[in-house]
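Please read the structure below before turning to the comments.
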Amino acid sequence: MVQEPWDYRWSSVHAHLAQHDPLNIINPQKLLELCGDWKTYLQHNRPALDSTIEQHLNTGRPLGDENFIDKIEVVLGRELKKKKPGPKKKDS
């Protein structure tokens, strides 16, 4: 069975469909201005969205622009941005 975005409790799709985010992490109005009905947009653009979402699911990193990620880093109290790969340099 294929899961839909609204099947996931933590998905931002709930805030977009309700046009309100109680945590003030996202602004649903911006998305409405870009694509109109979010649920219809998701249903018609599924293959491209699935690929993008799959990439982020594999890394465990959030999908969003830099401002969004900055905001959720503050809310969660942890770093989420991608860092340089490899071992960290040791302090001298």
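Letters A, B, ... mark the chains of the structure tokens in the order given; residue numbers begin at 1 per chain; ligand numbers begin at 1, in order shown.
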
Neighbour list for region 34-43 of chain A as a PyMOL selection string, cut-off 8 Å, only C-alpha atoms, skip fewer than 4 positions in-chain: chain A and resi 13+16-17+30+49

Report the residues of chain A whose backbone DSSP state falls under helix (DSSP H, G or I), written as a ChimeraX atom specification. /A:5-7,13-18,28-35,38-44,46-59,66-76

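Residues in contact with Lys71 (chain A) at 12 Å, where only C-alpha atoms are counted and same-chain residues fewer than 3 positions away are skipped, are listed as Leu23, Asn24, Ile25, Ile26, Asn27, Pro62, Gly64, Asp65, Glu66, Asn67, Phe68, Val74, Val75, Leu76, Gly77, Arg78, Glu79, Leu80 and Lys81 of chain A.
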
Any chance you could export the current selection's N, CA and C atoms as a PDB file, in the first residue's frame?
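Below you can see again_11.pdb, which holds the result:
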ATOM      1  N   LEU A  23       2.462  25.504  15.338  1.00  0.00           N
ATOM      2  CA  LEU A  23       3.839  25.667  15.823  1.00  0.00           C
ATOM      3  C   LEU A  23       4.556  26.856  15.188  1.00  0.00           C
ATOM      4  N   ASN A  24       3.925  27.485  14.200  1.00  0.00           N
ATOM      5  CA  ASN A  24       4.516  28.615  13.480  1.00  0.00           C
ATOM      6  C   ASN A  24       5.870  28.280  12.858  1.00  0.00           C
ATOM      7  N   ILE A  25       6.006  27.067  12.338  1.00  0.00           N
ATOM      8  CA  ILE A  25       7.227  26.673  11.650  1.00  0.00           C
ATOM      9  C   ILE A  25       7.110  26.970  10.160  1.00  0.00           C
ATOM     10  N   ILE A  26       5.937  26.762   9.607  1.00  0.00           N
ATOM     11  CA  ILE A  26       5.724  27.018   8.186  1.00  0.00           C
ATOM     12  C   ILE A  26       4.657  28.084   8.001  1.00  0.00           C
ATOM     13  N   ASN A  27       4.628  28.655   6.800  1.00  0.00           N
ATOM     14  CA  ASN A  27       3.598  29.616   6.441  1.00  0.00           C
ATOM     15  C   ASN A  27       2.788  29.006   5.307  1.00  0.00           C
ATOM     16  N   PRO A  62      15.681  17.424   6.789  1.00  0.00           N
ATOM     17  CA  PRO A  62      14.397  18.021   6.424  1.00  0.00           C
ATOM     18  C   PRO A  62      14.433  18.585   5.004  1.00  0.00           C
ATOM     19  N   GLY A  64      13.333  21.604   2.827  1.00  0.00           N
ATOM     20  CA  GLY A  64      12.877  22.987   2.918  1.00  0.00           C
ATOM     21  C   GLY A  64      14.015  23.929   2.599  1.00  0.00           C
ATOM     22  N   ASP A  65      13.676  25.204   2.479  1.00  0.00           N
ATOM     23  CA  ASP A  65      14.720  26.180   2.180  1.00  0.00           C
ATOM     24  C   ASP A  65      15.529  26.498   3.443  1.00  0.00           C
ATOM     25  N   GLU A  66      16.560  27.317   3.279  1.00  0.00           N
ATOM     26  CA  GLU A  66      17.474  27.606   4.389  1.00  0.00           C
ATOM     27  C   GLU A  66      16.768  28.263   5.572  1.00  0.00           C
ATOM     28  N   ASN A  67      15.821  29.163   5.294  1.00  0.00           N
ATOM     29  CA  ASN A  67      15.087  29.822   6.379  1.00  0.00           C
ATOM     30  C   ASN A  67      14.267  28.817   7.182  1.00  0.00           C
ATOM     31  N   PHE A  68      13.622  27.881   6.484  1.00  0.00           N
ATOM     32  CA  PHE A  68      12.841  26.844   7.155  1.00  0.00           C
ATOM     33  C   PHE A  68      13.743  25.990   8.045  1.00  0.00           C
ATOM     34  N   VAL A  74      16.223  25.817  15.490  1.00  0.00           N
ATOM     35  CA  VAL A  74      15.965  26.530  16.748  1.00  0.00           C
ATOM     36  C   VAL A  74      14.879  25.811  17.549  1.00  0.00           C
ATOM     37  N   VAL A  75      13.795  25.444  16.882  1.00  0.00           N
ATOM     38  CA  VAL A  75      12.688  24.768  17.565  1.00  0.00           C
ATOM     39  C   VAL A  75      13.145  23.452  18.179  1.00  0.00           C
ATOM     40  N   LEU A  76      13.937  22.681  17.423  1.00  0.00           N
ATOM     41  CA  LEU A  76      14.376  21.373  17.901  1.00  0.00           C
ATOM     42  C   LEU A  76      15.631  21.431  18.773  1.00  0.00           C
ATOM     43  N   GLY A  77      16.355  22.543  18.689  1.00  0.00           N
ATOM     44  CA  GLY A  77      17.576  22.679  19.477  1.00  0.00           C
ATOM     45  C   GLY A  77      18.699  21.768  18.999  1.00  0.00           C
ATOM     46  N   ARG A  78      18.747  21.529  17.681  1.00  0.00           N
ATOM     47  CA  ARG A  78      19.817  20.699  17.130  1.00  0.00           C
ATOM     48  C   ARG A  78      20.138  21.116  15.700  1.00  0.00           C
ATOM     49  N   GLU A  79      21.355  20.790  15.263  1.00  0.00           N
ATOM     50  CA  GLU A  79      21.788  21.131  13.912  1.00  0.00           C
ATOM     51  C   GLU A  79      21.264  20.101  12.916  1.00  0.00           C
ATOM     52  N   LEU A  80      20.758  20.594  11.787  1.00  0.00           N
ATOM     53  CA  LEU A  80      20.194  19.711  10.775  1.00  0.00           C
ATOM     54  C   LEU A  80      20.834  19.887   9.402  1.00  0.00           C
ATOM     55  N   LYS A  81      21.602  20.970   9.218  1.00  0.00           N
ATOM     56  CA  LYS A  81      22.222  21.225   7.918  1.00  0.00           C
ATOM     57  C   LYS A  81      23.351  20.243   7.650  1.00  0.00           C
TER      58      LYS A  81
END

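We find CA of Gln19 (chain A) and CA of Leu32 (chain A) to be spaced 8.5 Å apart.
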
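Note that the spacing between CA of His14 (chain A) and CA of His44 (chain A) amounts to 17.9 Å.
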